[in-house]
Structure formats: structure tokens, C-alpha cells
$ cat upload_39.txt   # compact mmCIF, C-alpha atoms
# COMPACT_ATOMS: atom_id res chain seq x y z
CA MET A 1 0.00 0.00 0.00
CA ARG A 2 1.30 3.45 -0.94
CA ARG A 3 2.45 5.56 1.99
CA ILE A 4 1.51 9.19 2.57
CA LEU A 5 2.83 11.43 5.31
CA PHE A 6 0.27 14.09 6.22
CA ILE A 7 1.75 17.18 7.87
CA LEU A 8 -1.30 19.22 8.77
CA HIS A 9 -3.07 21.18 11.48
CA THR A 10 -5.46 19.52 13.92
CA PRO A 11 -7.39 21.08 16.82
CA PRO A 12 -6.82 22.71 19.18
CA PRO A 13 -7.20 25.51 18.32
CA VAL A 14 -10.28 25.24 16.15
CA HIS A 15 -10.00 27.06 12.82
CA GLY A 16 -10.68 26.22 9.18
CA SER A 17 -7.41 24.43 8.45
CA SER A 18 -7.43 22.42 11.69
CA VAL A 19 -11.04 21.33 11.14
CA VAL A 20 -10.12 20.05 7.68
CA GLY A 21 -7.00 18.40 9.11
CA LYS A 22 -9.07 16.50 11.65
CA THR A 23 -11.48 15.49 8.88
CA ILE A 24 -8.61 13.96 6.89
CA LYS A 25 -7.12 12.23 9.91
CA ASP A 26 -10.49 10.71 10.85
CA SER A 27 -11.47 9.78 7.29
CA SER A 28 -11.95 6.04 6.75
CA ILE A 29 -12.09 6.70 2.98
CA ILE A 30 -8.57 8.15 2.95
CA ASN A 31 -7.05 5.90 5.61
CA GLU A 32 -8.28 2.74 3.89
CA ALA A 33 -6.90 3.87 0.52
CA PHE A 34 -3.36 4.64 1.73
CA GLU A 35 -0.97 3.84 4.53
CA CYS A 36 -1.27 7.16 6.34
CA HIS A 37 0.97 8.74 8.95
CA TYR A 38 0.18 12.08 10.58
CA ILE A 39 2.12 14.93 12.13
CA ASN A 40 0.38 17.90 13.70
CA LEU A 41 1.89 21.09 12.24
CA SER A 42 0.25 23.36 14.83
CA THR A 43 2.49 25.03 17.40
CA SER A 44 -0.42 26.92 18.98
CA ARG A 45 -2.91 25.24 21.28
CA LEU A 46 -5.13 28.28 21.86
CA VAL A 47 -6.54 30.86 19.42
CA GLU A 48 -4.86 33.54 21.52
CA GLU A 49 -1.44 31.95 20.85
CA ILE A 50 -1.70 32.22 17.06
CA GLY A 51 0.75 34.79 15.71
CA LYS A 52 2.41 35.31 19.10
CA LYS A 53 5.87 34.24 20.26
CA HIS A 54 6.09 31.75 23.11
CA PHE A 55 9.05 29.63 24.19
CA ILE A 56 6.77 26.61 24.44
CA LYS A 57 5.87 27.05 20.75
CA ILE A 58 9.57 26.86 19.84
CA GLY A 59 9.77 23.56 21.69
CA ARG A 60 6.73 22.25 19.83
CA TYR A 61 8.25 23.29 16.51
CA PHE A 62 11.50 21.41 17.10
CA ARG A 63 9.45 18.38 18.08
CA ILE A 64 7.73 18.59 14.68
CA VAL A 65 11.12 18.76 12.96
CA VAL A 66 12.24 15.61 14.79
CA GLN A 67 8.98 13.81 13.90
CA VAL A 68 9.41 14.66 10.22
CA LEU A 69 12.98 13.36 10.21
CA TRP A 70 11.86 10.17 11.96
CA GLN A 71 9.07 9.59 9.45
CA MET A 72 11.43 10.14 6.52
CA LEU A 73 13.93 7.64 7.91
CA THR A 74 11.57 4.94 9.13
CA HIS A 75 8.44 4.99 6.95
CA LYS A 76 9.89 6.45 3.73
CA PRO A 77 6.64 7.93 2.37
CA ASN A 78 5.81 7.90 -1.34
CA LEU A 79 4.14 11.30 -1.00
CA CYS A 80 4.11 14.10 1.54
CA TYR A 81 0.98 16.22 2.00
CA ILE A 82 1.64 19.58 3.68
CA ALA A 83 -1.04 22.07 4.77
CA ILE A 84 1.28 24.98 4.21
CA THR A 85 0.75 28.57 5.32
CA ALA A 86 0.93 30.90 2.33
CA LYS A 87 2.86 33.81 3.80
CA GLY A 88 4.64 35.41 6.72
CA PRO A 89 6.56 33.87 9.63
CA ALA A 90 4.43 30.71 9.52
CA PHE A 91 5.49 30.17 5.91
CA TYR A 92 9.16 30.55 6.85
CA LYS A 93 8.62 28.01 9.63
CA ASP A 94 6.94 25.58 7.23
CA SER A 95 9.75 26.04 4.70
CA LEU A 96 12.26 24.27 6.94
CA ILE A 97 9.90 21.28 7.11
CA VAL A 98 9.70 21.34 3.32
CA TYR A 99 13.49 21.34 2.93
CA ILE A 100 13.78 18.30 5.20
CA VAL A 101 11.25 16.42 3.06
CA LYS A 102 13.01 17.49 -0.14
CA LEU A 103 16.31 16.16 1.20
CA PHE A 104 14.77 12.69 0.96
CA SER A 105 13.47 13.31 -2.58
CA VAL A 106 9.85 12.78 -1.53
CA HIS A 107 7.27 14.44 -3.77
CA ILE A 108 5.14 17.09 -2.06
CA VAL A 109 1.59 18.26 -2.55
CA TYR A 110 0.64 21.50 -0.81
CA HIS A 111 -2.92 22.04 0.39
CA PHE A 112 -3.62 25.78 0.66
CA HIS A 113 -6.26 26.67 3.23
CA ASN A 114 -5.24 30.32 3.09
CA LYS A 115 -3.86 32.75 0.55
CA GLY A 116 -1.37 35.58 0.31
CA VAL A 117 1.39 34.28 -1.97
CA SER A 118 0.65 36.97 -4.57
CA HIS A 119 0.90 39.65 -1.87
CA ARG A 120 4.48 38.59 -1.04
CA GLN A 121 5.85 37.29 -4.35
CA ASN A 122 7.52 40.56 -5.32
CA LYS A 123 9.67 40.62 -2.19
CA VAL A 124 13.14 39.25 -2.90
CA LEU A 125 13.35 36.78 0.02
CA ASP A 126 9.82 35.53 -0.33
CA ASN A 127 10.10 35.09 -4.10
CA LEU A 128 13.32 33.09 -3.67
CA LEU A 129 11.75 30.86 -1.04
CA TYR A 130 8.54 30.36 -3.02
CA ARG A 131 10.53 29.26 -6.07
CA LYS A 132 12.55 26.73 -4.10
CA VAL A 133 9.71 25.47 -1.90
CA PHE A 134 7.15 25.05 -4.68
CA LYS A 135 9.53 23.68 -7.32
CA ASN A 136 8.47 20.32 -8.85
CA SER A 137 5.43 19.95 -6.63
CA HIS A 138 1.62 20.02 -6.81
CA ALA A 139 -0.95 22.24 -5.17
CA ILE A 140 -4.51 21.71 -3.96
CA LEU A 141 -6.68 24.83 -3.92
CA LEU A 142 -10.16 25.24 -2.48
CA SER A 143 -11.52 27.04 -5.53
CA LYS A 144 -10.59 27.96 -9.09
CA TYR A 145 -10.97 31.59 -8.05
CA LEU A 146 -7.86 31.18 -5.87
CA TYR A 147 -5.51 30.15 -8.68
CA PRO A 148 -4.27 33.72 -9.39
CA ASP A 149 -2.70 33.71 -5.93
CA VAL A 150 -0.22 30.94 -6.89
CA GLU A 151 -0.06 31.13 -10.70
CA LYS A 152 3.50 32.52 -10.66
CA TYR A 153 4.77 29.23 -9.20
CA PHE A 154 2.33 26.54 -10.34
CA THR A 155 1.10 25.77 -13.84
CA ARG A 156 -2.54 24.81 -14.15
CA LYS A 157 -1.46 21.20 -14.71
CA GLN A 158 0.16 21.21 -11.28
CA VAL A 159 -3.02 22.39 -9.53
CA TYR A 160 -6.04 20.45 -8.31
CA TYR A 161 -9.25 21.86 -6.87
CA CYS A 162 -10.90 20.37 -3.81
CA PRO A 163 -13.65 22.43 -2.12
CA ASN A 164 -14.03 21.84 1.60
CA GLY A 165 -16.97 19.85 2.90
CA ILE A 166 -18.82 19.49 6.19
CA PRO A 167 -20.83 16.59 7.66
CA LYS A 168 -24.49 16.27 6.81
CA THR A 169 -27.07 16.96 9.47
CA ASP A 170 -30.62 15.64 9.51
CA ILE A 171 -31.83 18.62 11.50
CA SER A 172 -33.92 20.96 9.38
CA HIS A 173 -35.73 24.18 10.12
CA SER A 174 -37.33 24.65 6.73
CA ASP A 175 -40.76 24.94 8.35
CA ASN A 176 -39.68 28.02 10.28
CA PHE A 177 -40.41 30.23 7.30
CA GLY A 178 -44.10 29.44 7.53
CA GLN A 179 -44.09 30.00 11.28
CA ILE A 180 -42.59 33.44 10.81
CA GLU A 181 -45.38 34.44 8.43
CA ILE A 182 -48.11 33.15 10.74
CA LYS A 183 -46.73 34.56 13.99
CA ASN A 184 -45.28 37.72 12.42
CA LEU A 185 -42.09 37.24 14.42
CA PRO A 186 -39.13 39.57 13.83
CA VAL A 187 -36.68 38.16 11.29
CA LYS A 188 -33.47 36.90 12.90
CA ILE A 189 -30.12 37.73 11.32
CA LEU A 190 -27.11 35.62 12.31
CA PHE A 191 -23.40 36.52 12.21
CA LEU A 192 -21.07 33.71 13.28
CA SER A 193 -17.36 34.45 13.49
CA ASN A 194 -14.94 35.86 16.01
CA LEU A 195 -15.17 39.61 16.62
CA ILE A 196 -12.60 40.59 14.01
CA LYS A 197 -12.99 43.93 12.28
CA SER A 198 -12.05 42.55 8.83
CA LYS A 199 -14.81 39.94 9.07
CA GLY A 200 -17.28 42.82 8.71
CA VAL A 201 -18.34 43.12 12.35
CA PHE A 202 -18.93 46.87 12.21
CA VAL A 203 -20.10 46.84 8.59
CA LEU A 204 -23.06 44.72 9.65
CA LEU A 205 -23.72 46.98 12.64
CA GLU A 206 -23.87 50.02 10.37
CA ALA A 207 -26.27 48.19 8.04
CA CYS A 208 -28.44 47.31 11.04
CA LYS A 209 -28.50 51.01 11.94
CA ILE A 210 -29.90 51.82 8.48
CA LEU A 211 -32.56 49.11 8.84
CA MET A 212 -33.59 50.40 12.27
CA GLU A 213 -33.90 53.97 11.00
CA LYS A 214 -36.22 52.70 8.26
CA GLY A 215 -38.43 51.10 10.90
CA THR A 216 -37.58 47.53 9.87
CA THR A 217 -38.22 44.94 12.56
CA PHE A 218 -35.37 42.47 13.11
CA TYR A 219 -32.99 40.90 15.60
CA CYS A 220 -29.28 40.41 14.83
CA THR A 221 -27.24 37.93 16.86
CA TYR A 222 -23.45 37.82 16.87
CA VAL A 223 -21.94 34.45 17.84
CA GLY A 224 -18.18 34.09 18.34
CA GLY A 225 -15.23 34.89 20.55
CA GLU A 226 -13.25 38.08 20.95
CA GLY A 227 -10.72 38.94 18.27
CA ASP A 228 -9.22 42.35 17.60
CA VAL A 229 -12.57 43.72 18.79
CA SER A 230 -13.28 43.23 22.50
CA THR A 231 -16.72 42.57 23.94
CA GLN A 232 -16.57 45.97 25.63
CA HIS A 233 -15.68 47.75 22.38
CA PHE A 234 -18.44 45.91 20.52
CA ASN A 235 -21.12 46.67 23.10
CA LYS A 236 -20.02 50.31 23.21
CA LYS A 237 -20.49 50.55 19.44
CA VAL A 238 -23.93 48.91 19.69
CA LYS A 239 -24.93 51.48 22.29
CA GLN A 240 -23.58 54.40 20.23
CA LEU A 241 -25.67 53.26 17.26
CA GLU A 242 -28.73 52.85 19.54
CA LEU A 243 -29.05 49.19 18.53
CA THR A 244 -29.31 47.66 22.02
CA ASP A 245 -32.86 46.42 21.31
CA HIS A 246 -31.85 44.87 17.99
CA VAL A 247 -28.29 43.51 18.25
CA PHE A 248 -27.01 40.92 20.72
CA PHE A 249 -23.57 39.39 21.28
CA VAL A 250 -23.70 35.94 22.92
CA GLY A 251 -20.05 34.86 22.82
CA ARG A 252 -18.62 31.55 21.65
CA LYS A 253 -21.03 28.66 21.17
CA TYR A 254 -20.27 25.04 20.34
CA GLY A 255 -22.18 21.87 19.56
CA GLN A 256 -25.89 21.97 20.26
CA GLU A 257 -25.77 25.58 21.45
CA LYS A 258 -24.27 26.67 18.15
CA GLU A 259 -26.79 24.52 16.28
CA LYS A 260 -29.59 26.29 18.12
CA TYR A 261 -28.61 29.67 16.68
CA PHE A 262 -28.49 28.29 13.14
CA LEU A 263 -31.93 26.72 13.60
CA GLU A 264 -33.47 29.92 14.95
CA ALA A 265 -31.96 32.19 12.27
CA ASP A 266 -33.65 33.36 9.06
CA ILE A 267 -30.70 35.04 7.31
CA PHE A 268 -26.97 34.46 7.58
CA VAL A 269 -24.56 37.36 7.01
CA PHE A 270 -20.78 37.27 6.62
CA PRO A 271 -19.67 40.66 5.19
CA THR A 272 -15.95 39.92 5.29
CA PHE A 273 -13.30 42.16 3.76
CA TYR A 274 -10.40 40.06 5.06
CA ASN A 275 -7.81 40.04 2.25
CA TYR A 276 -6.81 36.44 2.91
CA GLU A 277 -10.29 34.93 3.14
CA CYS A 278 -10.41 31.67 1.18
CA PHE A 279 -13.34 29.34 1.70
CA PRO A 280 -15.29 30.03 4.92
CA LEU A 281 -16.76 26.81 6.31
CA VAL A 282 -19.37 28.85 8.16
CA LEU A 283 -21.04 29.67 4.83
CA LEU A 284 -21.38 25.93 4.15
CA GLU A 285 -22.96 25.50 7.58
CA ALA A 286 -25.47 28.23 6.80
CA MET A 287 -26.38 26.64 3.46
CA GLN A 288 -26.71 23.27 5.16
CA HIS A 289 -29.30 24.85 7.46
CA ARG A 290 -31.23 26.29 4.50
CA LEU A 291 -30.32 29.88 5.31
CA PRO A 292 -30.08 32.48 2.56
CA THR A 293 -26.60 33.97 2.85
CA ILE A 294 -25.16 37.40 2.25
CA SER A 295 -21.41 37.71 1.83
CA THR A 296 -18.78 39.50 -0.27
CA PHE A 297 -16.61 39.03 -3.34
CA GLU A 298 -13.51 37.58 -1.71
CA GLY A 299 -11.44 34.43 -2.23
CA GLY A 300 -13.53 31.38 -3.05
CA ILE A 301 -16.77 32.83 -1.67
CA THR A 302 -18.01 33.39 -5.22
CA GLU A 303 -17.96 29.62 -5.67
CA ILE A 304 -20.00 29.07 -2.50
CA VAL A 305 -22.69 31.77 -2.72
CA GLU A 306 -24.52 32.06 -6.04
CA ASP A 307 -25.52 35.70 -6.23
CA GLY A 308 -29.28 36.02 -6.63
CA LYS A 309 -29.87 32.27 -6.26
CA THR A 310 -28.62 31.05 -2.86
CA GLY A 311 -28.14 34.54 -1.44
CA PHE A 312 -26.48 37.82 -2.30
CA LEU A 313 -22.89 38.96 -2.80
CA VAL A 314 -22.19 42.61 -2.01
CA PRO A 315 -19.11 44.81 -2.45
CA GLN A 316 -16.81 44.88 0.55
CA LYS A 317 -17.49 47.58 3.16
CA ASP A 318 -20.59 48.67 1.23
CA VAL A 319 -22.96 49.32 4.14
CA GLU A 320 -25.79 50.69 2.00
CA THR A 321 -25.90 47.72 -0.38
CA LEU A 322 -25.71 45.27 2.52
CA ALA A 323 -28.65 47.02 4.19
CA GLU A 324 -30.56 46.96 0.90
CA LYS A 325 -30.09 43.19 0.44
CA LEU A 326 -30.99 42.54 4.06
CA GLU A 327 -34.17 44.56 3.68
CA ILE A 328 -35.13 42.57 0.58
CA LEU A 329 -34.79 39.28 2.45
CA ILE A 330 -36.45 40.55 5.62
CA LYS A 331 -39.52 41.65 3.68
CA ASP A 332 -39.76 38.57 1.44
CA PRO A 333 -40.14 35.25 3.32
CA VAL A 334 -40.85 33.40 0.07
CA LEU A 335 -37.52 34.54 -1.40
CA ARG A 336 -35.76 33.57 1.84
CA LYS A 337 -37.19 30.08 1.57
CA GLN A 338 -36.34 29.74 -2.12
CA MET A 339 -32.75 30.85 -1.59
CA GLY A 340 -32.39 28.68 1.49
CA GLU A 341 -33.60 25.60 -0.38
CA SER A 342 -31.29 26.37 -3.31
CA GLY A 343 -28.39 26.71 -0.90
CA ARG A 344 -29.17 23.36 0.70
CA LYS A 345 -29.28 21.66 -2.73
CA LYS A 346 -25.94 23.23 -3.67
CA TYR A 347 -24.43 22.06 -0.39
CA GLU A 348 -25.64 18.49 -0.93
CA LYS A 349 -24.34 18.47 -4.49
CA GLU A 350 -20.92 20.03 -3.90
CA PHE A 351 -19.93 20.53 -0.27
CA THR A 352 -20.67 17.44 1.81
CA LEU A 353 -17.91 15.76 3.78
CA SER A 354 -18.18 12.66 1.63
CA LYS A 355 -17.67 14.72 -1.55
CA PHE A 356 -14.55 16.26 -0.04
CA GLU A 357 -13.07 12.93 1.10
CA HIS A 358 -13.63 11.18 -2.23
CA ARG A 359 -12.25 14.12 -4.19
CA LEU A 360 -9.13 14.33 -2.02
CA LYS A 361 -8.59 10.58 -2.35
CA GLU A 362 -8.82 10.88 -6.16
CA ILE A 363 -6.32 13.75 -6.20
CA LEU A 364 -3.78 11.94 -4.03
CA SER A 365 -4.13 8.76 -6.11
CA GLU A 366 -3.64 10.70 -9.33
CA ILE A 367 -0.50 12.42 -8.01
CA LEU A 368 0.94 9.09 -6.82
CA ASN A 369 0.19 7.48 -10.19
CA THR A 370 1.87 10.38 -11.96
CA GLN A 371 4.98 9.98 -9.81
CA ASN A 372 5.18 6.26 -10.58
CA LYS A 373 5.27 6.80 -14.34

$ encode --input "upload_39.txt" --output "C-alpha cells"
Amino acid sequence: MRRILFILHTPPPVHGSSVVGKTIKDSSIINEAFECHYINLSTSRLVEEIGKKHFIKIGRYFRIVVQVLWQMLTHKPNLCYIAITAKGPAFYKDSLIVYIVKLFSVHIVYHFHNKGVSHRQNKVLDNLLYRKVFKNSHAILLSKYLYPDVEKYFTRKQVYYCPNGIPKTDISHSDNFGQIEIKNLPVKILFLSNLIKSKGVFVLLEACKILMEKGTTFYCTYVGGEGDVSTQHFNKKVKQLELTDHVFFVGRKYGQEKEKYFLEADIFVFPTFYNYECFPLVLLEAMQHRLPTISTFEGGITEIVEDGKTGFLVPQKDVETLAEKLEILIKDPVLRKQMGESGRKKYEKEFTLSKFEHRLKEILSEILNTQNK
């Protein structure tokens, strides 16, 4: 059986790449197809540790280096899968791992869960490293819309596309639309992400202000932990905008508590303007729950949200257009239901966990077959 060494992120902390890493590690489809060995590439154990220097993280990194060397010497993989970081100090850290693997002439496939190569490729050091690290390798991207980020270093023949997927749930709240019409309940808007300015936290607040001034009835719930915006700062802004009767921050929620907010929501909003946004899993969760979604033109989001069919895409930081699209959905329960159902169908067709696992297995098999020729 062909051997693959997976060097990837697994929780904790919980973020997009680590969730996908755990999916791969737990996948019977992938583990039955190959002889798999795993190394956790994460040096952080808490969200708060990400991007910060700690002596304990240095120790964890050297442990990873030793594990990679051990795997190269003892298991001699036919292929090495690396969930590489696209830029910055984390990329430099990953580069040393890459060089160790290359010393043993093992072919590498990089799985990009983030982007930013094109932002750094004109810097002398970064360009040199990118050329050496990515030479004679393959790449897996989450969407065809992300190819421009790496096109300087990978031909199209070297690139595969594998959209993320999430597990199916049997829980459905499709009947809620009818209940809202009968009971005339306020429409519930849901934002689920950490309080990070570039995720559109304040953009949505400003749009809610416009809706309130128009006399529109709604509730907007923010679910997530603190980021570069503190709870105090957020609540102060809500008070300044006189939205205390409309907007609520409930903190982090997991499992059934998180599910509860999806089930009670009518519209999902993710107005991100984060330059390195790739393929937000939270949008897949919203579609899975039959929620019409509003997001922005960034990264692979265009592949997830079909503008006018499963939701709306709006220009980044465009408060007025966001408020306009929200008002359309708030006032039209039939459209909300149609978009929600279309989103669910798209999720089932393209973004289930099974689809992701089978696609990744096919990609890895194809790369291995190519190397054997």
C-alpha cells in the first residue's frame, strides 16, 4: 500500500485548516486507501497563541522537525501532504519542514487553506523561497478563483481543486419560514465568526442602523469569541448606534448551542473584507441549514454563494448595499425560503464531507500514479 505522510493542522485551536485536518485524519475513505501517517503542524494550542511568540511554541516546533525526520527515515513515504501557510513567519517556519522532506526526494503536494502568496511574491526573500519550496510539486486549492494567488509558481497542470466539505445533518428548520409568516415574528439575522474587524463586524452593525432607521423589525445575533474587537468595544459601538434592542452578542457557542442559533436564524450574514479569506466553512454550515446567505466578493466565496440564487454577494465595506439586500430578504419570506432551499441543494451536491473525502482521495491517487510513471 502506498504511503503518505500528512503534515497538517489539527485542533486545538479550532479554525478552518485544523477542522479540515481532523477530517482527513479521521477519514476512513482516505485511511483505507493509503498507509497514512500524521504529524500535527500546529504550534499553537489556543486561538490567543496564534501569531504570538512563546518559548513553548519553539519547543513544539522542534518536536515537529524531529517527527518529520523520523518519518522520513523509518516509513519512507511515497508522497508528503503539507497544509502549508501561504505567507509570513508561519510560511518561513513551514519552509524548513519542506526542505527536510526534499532532502529525501519525496514528492510534495501543498494544500492551501489560506492565501497571500501573490501579496508577497515581489519581495526578494519571499520570491526566492517560493521558487525553491514550490519547485516540482503540486498544489490543492479550495476554488478555481484562488488560482491567481499561486499562478506565478504553479502551472494549471500542477493544480487540483478540492472544495471543503462538512458533515451532513438531519436537523432541518425549513418549516420556520411558515411560522414566521403566521406569527409575524421579527426576522433573525445571524453573524457567526470571532469579533474581528475585517470579518465585517462593524459593517453589519452600520447596516443594522440603516434598517432600524427605516423602521424595519429584526434581531441580529453575533456568535463568536473576541478577536481584535473586544466585547466591551463591541457593546459600546452597539450602544452608540442605539441598537441595544436589535443587536445581541452571545459569545462563543459550540455543539448543540451553536446549532440552536443556526436553527433559529432566518438570514446568515458574513460581510468579510479580510484580504486572505479563502473558503469560509461557516457559509457551508449556513447553506446546510437552509439559510439564505449574504457575503462579499472575496477568495472562493463566489464559488459558494450564487448571487441572486442562494443569497447575495455585495461589495466589501458597502454598508448601503448590505442594508438593501438585508431589507429585501427581511420583507420577502418566500424569497428567503427559495434561496435557502437552493443553498441546501448546492451544499448536498458540492460541499458534503463525503464529496470532499472522495475528491481528495482521487487527487492523491492521481498524483501518486503520476509519480510512478

$ closest_residue --input "upload_39.txt" --among "A:Gln232, A:Asn31, A:Thr244, A:Asn114" --to "Gly299 of chain A" --atoms "all atoms listed in the file"
A:Asn114

$ closest_residue --input "upload_39.txt" --among "A:Met1, A:Leu141, A:Val65, A:Leu146" --to "Tyr160 of chain A" --atoms "only C-alpha atoms"
A:Leu141

$ closest_residue --input "upload_39.txt" --among "A:Arg252, A:Lys25, A:His138, A:Lys115" --to "Leu192 of chain A" --atoms "only C-alpha atoms"
A:Arg252

$ atom_distance --input "upload_39.txt" --atom1 "atom CA of Val150 of chain A" --atom2 "atom CA of Thr352 of chain A"
26.0 Å

$ atom_distance --input "upload_39.txt" --atom1 "atom CA of Glu206 of chain A" --atom2 "atom CA of Glu324 of chain A"
12.0 Å

$ residues_near_point --input "upload_39.txt" --point "(-12.8, 41.3, 22.4)" --cutoff "12 Å" --atoms "all atoms listed in the file" --output "ChimeraX atom specification"
/A:48,194-197,201,224-236,249,251-252
